[in-house]
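Notes to accompany the following structure.
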Amino acid sequence: MPLKIIELKDNFARFSISDITPSIANSLRRTLINDIPKLAIEKVTFHHGQIRDVDGNVYDSSLPLFDEIVAHRLSLVPLISDLTMNFRDECSCGGRGCSLCTMTYSINRNGPATVTSGDIQPIGNPDLKPADPDIPIVKLGKSQAMIVSAEAILGRGKDHAKWQATSGVSYKYHREFTVKKAEFERWEEFKAACPDSVFRENDKEIVFTDDSPCRKLSELFELENVKIVEDDTRFIFKFETDGSLKAIDVLNYALKRIPQRLNVLLDSMAAAD
Amino acid sequence: MRELVDIFFKKESVVNHQIESMNYFVASKDNPDNIMQQIVDETKISDESEPGIMTLDPAKTQNRKIEIRYGRVREKNRPIGPSTIWVDRPEIKEASGASNQITPNEARLRDLNYMAPINLELRVIEDGVEKDPEVIKIGDIPVMIRSKVCTLAEGNLDTYIEKNNGPTNATRKEKLQYVGEDPEDAGGYFIIGGSERVIVSLEDLAPNKILVEFEEKYESKIEVAKVFSQKGGFRALTSIEKGNDGIINVSIPSVAGTIPLVILMKALGLEKDVDVHNSISTVQKMDPIIYANIEEAKNPKIFPPNGITNNEDAISYIEKRFAAGQAKEFREKKVSQMLDKSLLPHLGDTDADRLKKAIYLGRMARSLLELNLGLRKEDDKDHLANKRIKLAGDLLDELFRNAFQSVLKDLKYQLERTYNRKKGIRLRPAVRQDLLTQKILHAMATGNWIGGRTGVSQLLDRVSNVSTLSHLRRIISPLTRSQPHFEARDLHPTQWGRICPNETPEGQNCGLVKNAALIINVTEGIDPDIVLEFLKGMDVREVLEENPNAGRVYLNGDFIGYHDDPGRLTNQIRGERRKGKLPDDVNVRFDPETREVIINCDRGRIRRPLLTLNNGTTVLTRDMLKKLDNGEYQLKDLVKKGAMEWIDAEEEENLYIAVYGYEFPERCPNCGIYLYRSKLDWINHGEADSEKVMLQCQECKGTFEGKSLLTEEHTHLEIDPSLILGVVASITPYPEHNSSPRITMAAAMTKQSIGLSSTNFRIRTDTRGHVLHYPQIPLVKTKIMDFIKYEKKPAGQNFVVAILSYQGYNIQDALIMNKAAVERGLGRSTFFRTYTAEERRYPGGQEDRFEIPTHDVLGARAEESYKNLDENGIIFPESYVEGADVLVGKTSPPRFLEEGGDKLGPQRRRESSITMRPNESGFVDNVILTVSESNSRVVKIKVRSERIPELGDKFASRHGQKGVIGSVVPQEDMPFTEEGVIPDLVINPHAIPSRMTVGHILEMIGGQVSAMKGEIIDGTIFSGEPEKSLRDGLKKYGFRQSSEESMYDGITGRKFEADIFTGIIYYQKLHHMVAGKFHARSRGPVQILTRQPTEGRSRQGGLRFGEMERDTLIAHGAAMVIKDRLLDQSDGTILYVCGNPKCGHIAILDRRKGTLRCPVCGNTGNIHPVETSYAFKLMRDELNSLGVIMRLNLGDMK
């Protein structure tokens, strides 16, 4: 059951796994989507009323967007996450919220300006800042200002999409397009366009695979004289992260998480006795 | 000719026809011939008086001759003097007495009427001595937003801002924003009592036109000629019909029965039989019928004693028939009333006009006989040439005419009543301003127009921007909805380019409620005398005898003479018009069958623009387009140059119109891209010497040759075939690939889609409204969207859609939505509701008060309920409210002041707080405190609540494909592609084949290509990017040309056997959401009268257990369940019934003593409880009140 990493970046991974069933592949995919913990803003407190800056200018706290829209936008900002933190409901504080399970942020900005994720200031651990500083949150008009404090907690994608660390998670069956050179004279065209996709070749036939993406290959699906064989025991996975976690960490966590989930059954059996 | 449309919409908004109509109506000094002035000039105080002059009754003014002139000075019966009426800027008279100019937004926020004062100049002439003219305000008139009197009109806004110390050197957009207006708002509506109202255009049969048709009467087919004669505001239908016996009869409005035609003509002064004959006959075949009619009139047996031969006979016949047995004086009056007032009023209302009417009747009879002899076809009532549109200006015309007359009548009465020789007459106090204001206001506020028409003014639809525009362009037919009127509902060929073929409601109003096509012009009408003058110079002769070779010439339905060569005359008129010598309002048609020339220059004809052709090419040149573009030319100049014409339905009958000017190759010969009309320019049109059509590819700017489709025979070229649709139907991309009913449905749904309805939504106070959080520009758009600025106020989002079935959760048009996508903000919207409270004043100095009710207030709630209110009793913004929470604490004075004073000291005030609707919740968004017109405080509270897509919410694409969410599925359970794309939406494949919405499929492909390419795809009707080009695009970006993809089941992880069709398509969220509808009840309120549960969600009503539901229980024999539903859970009551068999009345239970007693027989022992429905008791009581007694005889159950 070898897992081979094909491509790995900070927030992108492509790997293949062979000799597994679609069910197992799917459990990994589903874990990557909904079971990776991540930090996301859960509670936002807005300051309402007049806001004064150091020069004594008066600002209005009403924003062009409704508070709930701003809160929703804040919640979707990917925050660099620390998986050593506690989940709030499992924390020693008993779910009341403490520094072990809660990360606090603040935004303090006067208009006219576009408030971006870069304005979200972590209070406490400065490493847990937004993964991308350029996500626009809200545009402030003249004499508008916002003072906001926010709490982020760990969560999982199954509860809300804001706790989803990955995107574009997918796999595909390994696929072979077999073409008889005698019957299909355009094979050279495809070979030239997608040299990396040639799986094997001999005098009589050439076999392409779309394990690595190549746009030209899409034509093969709709051509005659192309034999397509798929292998549902060999999977090519790929996923991205939103920057809150590193791709490799996500993968490691996911692989550990699956047996951990199954342990629940074991535990329950033990408890039944 | 896309460029021309671009330029058109750069200058004009889509509701221009409304605003122009209003500008033409409203009195102002820069347009002395406005309709209001015309009305003033024409108004007569009584039938006898002269127009524009009021003469006081000398008997009441001590024999002095007092004249008050309000109309313009006349010369040769034509007004020439300076204006006597004009309208100022909209203003409001505050309670303090000061008058301030107002802006539309102020009117909206303060619940005011957006009205402007009307000034009338009155000149008093006392015994021939003219006094100084007096200018008096006679009332207020509602102002159309963006019309020329509106504060927002170009010049007016600048002066308003200057006066109010606003930003004077800001741009117009900034100025509009400064006054709280949406700069992109089209206007064209009114503001009455703070709510926006539209005067919907009305479609009507053309007045003063003879229409002949067959009618089924008395079980046989007879010929009828009708004319709706209209003069001023008065309208009367005169019709003549030929019975089976060949006798032609006339029916006159407001007169019972019919009169033989010949007798009526004689009564009108056409005495000689020769004249009668000549006025009718054109061909010999008619003569026998005419002779029969003439002879009939002379028959002494039918018309004793001697038959009717001359004028006197005829008059006395009429007198005898319609005023028998009355005094001579009254008989004469009746005849004059009939002949002068009721009969064909458009020809005049004095006895001098009678001969004209006789000849006109002859014409009608001629048309009738022509129909009878097969020389003429039945007139088509549904032909747009026989219809006229009444816009806001015309409808206000009716209203103002009526109101103005009553003001003047009242003025006359007041002056005569208060006349005092010493003081002379005093005009100002005698004018009752509110009479006019109230009459107009009442009609505008309720929509009940004079003449009993209802629904003329309607509340402006602000659901989305397109629904607003569509509402402002709506045209309704006054035909009753209940009758079938199949022909009137059918699409008529003349509607091409004038009325949208698709945008109409389904069901009872289908085809009766219509909407204007994209570019239309409704004629304002010019004085026919100007045209008449012209025609005289073109050899149109006024001859009385018929000349079979000459053609008859009609102007606005009136016969005006003959012309020897009608075809040439027609061409001559068109030639003069194209040279700009004849006003462009004139349209002309030559009917080769009847050799008639029909010229029209009246109001209300819908016209469409067409390009004129000359020798197989357009008159329009590139140079003209360039000049138009840089502002050197106006559109009007094109018309004057004869390059473009406004064509009405009548004239279009003569034309041979080319739809396209050229054919083009499939691909560009230079760059090889697929060509389509949006990508092409015709660069040498209008150049007479060039034989070939030269085209330019917009992509590579290379030029090549195309094939001309124009021939010498063609007279005109369509500007762009896409103009056939209206505003809403134009939103759909690729509609030419859909089945027609789906476009109609799509248009209906687009009007319900929520998006950004106006950019000033945060400061608007509509009672309800929606806003979509993340509206997007559609990836596949249409050219028309640019013209209506759809991209500034879009209403929808681009969804990634897969077509497959999903676990049965998307059967029957249900939709599957991706939960993660919803959580990321897909389809999120906010719902607003505004609550209003006013500190009303009551007679006797009492008033409401905003405050926190103290415990001594009658009906005060617990202190807890008022916790979110400030010390003034008004809620804080951003507080969360739900259920029946109090928004404004308010107390009212006691209801009955005099009652119960002796009991408990001083009267207590009543609690009358404004609370949230039950079953609604949200955050307080805005609190607006202002002052009403009567100086009482008004508070408006806007509450918003977030609407996240949930089970049951309704969504629709732009192809009539609607559905409700059947399941919101976690992302990991959704199917996914190999690229990791998870659809936002899954629709069922069964939605496609039977509905034939191919445009839906094309849009999905187009969206996919657009997303990959990073460019918007053009899907404009008839000229969008072709399918082949899109499929090529798919291939280029690594997709299959079928747009199918391998997909894997998110639940099992296995690949689907079938490949799945996916794409990106624009979906609209419709305003029917579960959050506003869901409802259940176990216990709840009952109606006071019947004690049955209330009805409806807003009253926490019960769910009706109806007849059919009852039937099912009967079928099951479930008697106890029926009793439970219909009695126990409804209005079951215990009645105490007197057991005395002779009494049987209802007894009384004295709860204090605990005793039972029959009030009728006094029985106290033999009384039994009986369970009945309260409705039964109610019926018994009601019969009782009629004096019928129902005795209940009790007995034991057997």
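The way I read the labels, and the way they are meant: chains A, B, ... in the order of the structure tokens, residue 1 as the first residue of every chain, and ligand 1 as the first ligand shown, with later ones counted on from there.
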If you run DSSP over the backbone, which residues in range 45-144 of chain A end up strand (DSSP E)? Put them as a PyMOL selection string.
-> chain A and resi 45-46+51-52+58-59+102-110+113-116+121-123+136-140
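By chain and then residue number, the residues within 10 Å of Gln1100 in chain B are Pro918, Asn919, His1079, Ala1080, Arg1081, Ser1082, Arg1083, Gly1084, Pro1085, Val1086, Pro1093, Thr1094, Glu1095 and Gly1096 of chain B, counting only C-alpha atoms and disregarding those fewer than 4 positions away in sequence.
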Would you output that residue set with all heavy atoms, as an mmCIF file, in the first residue's frame?
data_model
loop_
_atom_site.group_PDB
_atom_site.id
_atom_site.type_symbol
_atom_site.label_atom_id
_atom_site.label_comp_id
_atom_site.auth_asym_id
_atom_site.auth_seq_id
_atom_site.Cartn_x
_atom_site.Cartn_y
_atom_site.Cartn_z
ATOM 1 N N PRO B 918 -45.012 38.732 15.441
ATOM 2 C CA PRO B 918 -44.668 37.435 16.025
ATOM 3 C C PRO B 918 -43.999 36.608 14.926
ATOM 4 O O PRO B 918 -44.204 36.895 13.762
ATOM 5 C CB PRO B 918 -46.020 36.847 16.425
ATOM 6 C CG PRO B 918 -47.011 37.568 15.585
ATOM 7 C CD PRO B 918 -46.454 38.917 15.309
ATOM 8 N N ASN B 919 -43.232 35.640 15.256
ATOM 9 C CA ASN B 919 -42.483 34.794 14.326
ATOM 10 C C ASN B 919 -41.531 35.544 13.390
ATOM 11 O O ASN B 919 -41.163 35.026 12.361
ATOM 12 C CB ASN B 919 -43.395 33.834 13.538
ATOM 13 C CG ASN B 919 -44.408 34.545 12.640
ATOM 14 O OD1 ASN B 919 -44.083 35.493 11.934
ATOM 15 N ND2 ASN B 919 -45.638 34.080 12.692
ATOM 16 N N HIS B 1079 -44.951 27.813 9.256
ATOM 17 C CA HIS B 1079 -45.949 28.119 10.268
ATOM 18 C C HIS B 1079 -46.560 26.838 10.803
ATOM 19 O O HIS B 1079 -46.842 25.915 10.052
ATOM 20 C CB HIS B 1079 -47.024 28.998 9.626
ATOM 21 C CG HIS B 1079 -48.195 29.242 10.508
ATOM 22 N ND1 HIS B 1079 -48.063 29.775 11.754
ATOM 23 C CD2 HIS B 1079 -49.512 29.019 10.317
ATOM 24 C CE1 HIS B 1079 -49.258 29.871 12.297
ATOM 25 N NE2 HIS B 1079 -50.158 29.408 11.451
ATOM 26 N N ALA B 1080 -46.766 26.772 12.100
ATOM 27 C CA ALA B 1080 -47.480 25.653 12.706
ATOM 28 C C ALA B 1080 -48.169 26.166 13.951
ATOM 29 O O ALA B 1080 -47.815 27.233 14.461
ATOM 30 C CB ALA B 1080 -46.512 24.528 13.062
ATOM 31 N N ARG B 1081 -49.160 25.445 14.429
ATOM 32 C CA ARG B 1081 -49.851 25.905 15.640
ATOM 33 C C ARG B 1081 -50.429 24.709 16.352
ATOM 34 O O ARG B 1081 -50.922 23.774 15.715
ATOM 35 C CB ARG B 1081 -50.937 26.900 15.236
ATOM 36 C CG ARG B 1081 -52.269 26.713 15.918
ATOM 37 C CD ARG B 1081 -53.157 27.907 15.680
ATOM 38 N NE ARG B 1081 -54.464 27.682 16.298
ATOM 39 C CZ ARG B 1081 -55.343 28.630 16.536
ATOM 40 N NH1 ARG B 1081 -55.068 29.865 16.211
ATOM 41 N NH2 ARG B 1081 -56.497 28.356 17.087
ATOM 42 N N SER B 1082 -50.383 24.719 17.658
ATOM 43 C CA SER B 1082 -51.105 23.714 18.416
ATOM 44 C C SER B 1082 -52.289 24.383 19.076
ATOM 45 O O SER B 1082 -53.427 24.003 18.873
ATOM 46 C CB SER B 1082 -50.197 23.048 19.438
ATOM 47 O OG SER B 1082 -49.607 24.022 20.243
ATOM 48 N N ARG B 1083 -51.988 25.422 19.871
ATOM 49 C CA ARG B 1083 -53.078 26.235 20.400
ATOM 50 C C ARG B 1083 -52.867 27.641 19.920
ATOM 51 O O ARG B 1083 -51.772 28.004 19.521
ATOM 52 C CB ARG B 1083 -53.048 26.213 21.926
ATOM 53 C CG ARG B 1083 -53.421 24.874 22.465
ATOM 54 C CD ARG B 1083 -53.389 24.921 23.953
ATOM 55 N NE ARG B 1083 -52.027 25.086 24.462
ATOM 56 C CZ ARG B 1083 -51.748 25.258 25.740
ATOM 57 N NH1 ARG B 1083 -52.709 25.344 26.628
ATOM 58 N NH2 ARG B 1083 -50.512 25.363 26.148
ATOM 59 N N GLY B 1084 -53.883 28.468 19.994
ATOM 60 C CA GLY B 1084 -53.684 29.828 19.547
ATOM 61 C C GLY B 1084 -54.968 30.614 19.578
ATOM 62 O O GLY B 1084 -55.988 30.148 20.081
ATOM 63 N N PRO B 1085 -54.912 31.808 19.010
ATOM 64 C CA PRO B 1085 -56.062 32.704 19.103
ATOM 65 C C PRO B 1085 -57.267 32.216 18.297
ATOM 66 O O PRO B 1085 -57.117 31.461 17.334
ATOM 67 C CB PRO B 1085 -55.532 34.010 18.518
ATOM 68 C CG PRO B 1085 -54.374 33.627 17.683
ATOM 69 C CD PRO B 1085 -53.790 32.413 18.306
ATOM 70 N N VAL B 1086 -58.450 32.661 18.720
ATOM 71 C CA VAL B 1086 -59.679 32.366 17.968
ATOM 72 C C VAL B 1086 -60.336 33.683 17.583
ATOM 73 O O VAL B 1086 -60.064 34.727 18.166
ATOM 74 C CB VAL B 1086 -60.677 31.530 18.790
ATOM 75 C CG1 VAL B 1086 -60.156 30.131 19.014
ATOM 76 C CG2 VAL B 1086 -61.012 32.214 20.096
ATOM 77 N N PRO B 1093 -60.716 29.037 15.113
ATOM 78 C CA PRO B 1093 -59.321 29.501 15.064
ATOM 79 C C PRO B 1093 -59.125 30.548 13.969
ATOM 80 O O PRO B 1093 -59.800 30.506 12.942
ATOM 81 C CB PRO B 1093 -58.543 28.225 14.735
ATOM 82 C CG PRO B 1093 -59.415 27.118 15.168
ATOM 83 C CD PRO B 1093 -60.827 27.589 14.993
ATOM 84 N N THR B 1094 -58.197 31.467 14.201
ATOM 85 C CA THR B 1094 -57.905 32.501 13.203
ATOM 86 C C THR B 1094 -57.229 31.866 11.992
ATOM 87 O O THR B 1094 -56.822 30.716 12.030
ATOM 88 C CB THR B 1094 -56.976 33.572 13.777
ATOM 89 O OG1 THR B 1094 -55.861 32.905 14.353
ATOM 90 C CG2 THR B 1094 -57.680 34.400 14.830
ATOM 91 N N GLU B 1095 -57.107 32.659 10.934
ATOM 92 C CA GLU B 1095 -56.532 32.150 9.703
ATOM 93 C C GLU B 1095 -55.285 32.943 9.351
ATOM 94 O O GLU B 1095 -55.235 34.149 9.533
ATOM 95 C CB GLU B 1095 -57.580 32.288 8.595
ATOM 96 C CG GLU B 1095 -57.290 31.439 7.381
ATOM 97 C CD GLU B 1095 -58.325 31.690 6.287
ATOM 98 O OE1 GLU B 1095 -59.494 31.962 6.630
ATOM 99 O OE2 GLU B 1095 -57.942 31.627 5.122
ATOM 100 N N GLY B 1096 -54.291 32.269 8.860
ATOM 101 C CA GLY B 1096 -53.106 32.957 8.354
ATOM 102 C C GLY B 1096 -51.970 33.007 9.357
ATOM 103 O O GLY B 1096 -52.171 33.061 10.562
#
Tell me which protein, DNA and RNA residues are within 9 Å of Thr102 in chain A, counting only C-alpha atoms, leaving out same-chain ones fewer than 5 positions away, and put them as a PyMOL selection string.
-> chain A and resi 85-88+97+151-154
Alpha helix (DSSP H) positions in range 64-216 of chain A, given as a VMD selection string | chain A and resid 67 to 75 187 to 193
With C-alpha atoms kept, could you save the residues just selected as a tab-separated table (two decimals), in the first residue's frame?
chain	number	residue	atom	x	y	z
A	67	ASP	CA	-22.21	43.59	11.42
A	68	GLU	CA	-23.20	40.00	10.68
A	69	ILE	CA	-21.68	40.21	7.21
A	70	VAL	CA	-18.46	41.62	8.60
A	71	ALA	CA	-18.41	38.90	11.26
A	72	HIS	CA	-19.02	36.25	8.61
A	73	ARG	CA	-16.22	37.61	6.46
A	74	LEU	CA	-13.87	37.67	9.43
A	75	SER	CA	-14.70	34.09	10.26
A	187	TRP	CA	-0.89	10.07	-31.58
A	188	GLU	CA	2.24	12.07	-32.22
A	189	GLU	CA	0.32	15.26	-31.73
A	190	PHE	CA	-0.71	14.14	-28.27
A	191	LYS	CA	2.73	12.89	-27.43
A	192	ALA	CA	4.22	16.22	-28.33
A	193	ALA	CA	1.62	18.16	-26.33
Neighbour list for Leu128 in chain A as a ChimeraX atom specification, cut-off 7 Å, only C-alpha atoms, skip fewer than 5 positions in-chain | /A:79-81,122
What's the 8 Å shell around range 369-377 of chain B, counting only C-alpha atoms, without same-chain residues fewer than 4 positions away, as a ChimeraX atom specification?
-> /B:212-213,223,285-286,365,594
Please, which residues of chain B lie no more than 10 Å from chain A when the count uses only C-alpha atoms, and can they be set out as a VMD selection string?
-> chain B and resid 762 773 to 774 819 to 825 828 to 830 877 to 878 923 925 944 to 946 970 to 973 976 to 982 1034 to 1042 1044 to 1055
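Our summary of the geometry notes that CA of Asn738 in chain B is positioned 6.1 Å from CA of Met996 in chain B.
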Skipping near chain neighbours, those fewer than 5 positions away, what residues fall within 12 Å of Arg622 in chain B using only C-alpha atoms, listed as a short mmCIF file (atom, residue, chain, number, x, y, z; two decimals) with N, CA and C atoms, in the first residue's frame?
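As written to disk, around_0.cif reads:
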data_model
loop_
_atom_site.label_atom_id
_atom_site.label_comp_id
_atom_site.auth_asym_id
_atom_site.auth_seq_id
_atom_site.Cartn_x
_atom_site.Cartn_y
_atom_site.Cartn_z
N MET B 1 -26.41 47.07 -36.17
CA MET B 1 -26.33 48.48 -35.79
C MET B 1 -26.34 48.63 -34.27
N GLU B 3 -24.15 49.86 -32.50
CA GLU B 3 -23.61 51.16 -32.06
C GLU B 3 -24.75 52.14 -31.79
N LEU B 4 -25.75 52.09 -32.65
CA LEU B 4 -26.85 53.02 -32.54
C LEU B 4 -27.59 52.81 -31.22
N LYS B 627 -20.40 61.15 -35.48
CA LYS B 627 -20.89 62.43 -34.96
C LYS B 627 -21.85 62.22 -33.80
N LEU B 628 -22.63 61.15 -33.88
CA LEU B 628 -23.53 60.84 -32.77
C LEU B 628 -22.72 60.55 -31.52
N ASP B 629 -21.65 59.79 -31.74
CA ASP B 629 -20.86 59.33 -30.61
C ASP B 629 -20.18 60.49 -29.90
N ALA B 643 -32.19 59.21 -41.86
CA ALA B 643 -31.45 57.96 -41.73
C ALA B 643 -32.20 56.95 -40.86
N ASP B 681 -18.47 44.44 -37.10
CA ASP B 681 -18.93 45.78 -37.46
C ASP B 681 -19.05 45.88 -38.96
N TRP B 682 -20.13 46.50 -39.38
CA TRP B 682 -20.29 46.78 -40.81
C TRP B 682 -19.68 48.15 -41.02
N ILE B 683 -18.57 48.23 -41.75
CA ILE B 683 -17.83 49.49 -41.73
C ILE B 683 -18.09 50.36 -42.95
N ASN B 684 -18.85 49.88 -43.93
CA ASN B 684 -19.07 50.79 -45.06
C ASN B 684 -20.54 50.98 -45.39
N HIS B 685 -21.39 50.90 -44.37
CA HIS B 685 -22.80 51.11 -44.68
C HIS B 685 -23.04 52.57 -45.04
N GLY B 686 -24.00 52.76 -45.90
CA GLY B 686 -24.35 54.12 -46.30
C GLY B 686 -23.47 54.69 -47.39
N GLU B 687 -22.48 53.92 -47.82
CA GLU B 687 -21.64 54.44 -48.90
C GLU B 687 -22.20 53.94 -50.21
#
Tell me which protein, DNA and RNA residues are within 9 Å of Ile6 in chain A, counting only C-alpha atoms, leaving out same-chain ones fewer than 2 positions away, and put them as a PyMOL selection string.
-> chain A and resi 4+8+13-16
How far is it from CA of Asp786 in chain B to CA of Glu20 in chain B, in Å with one decimal?
-> 22.2 Å
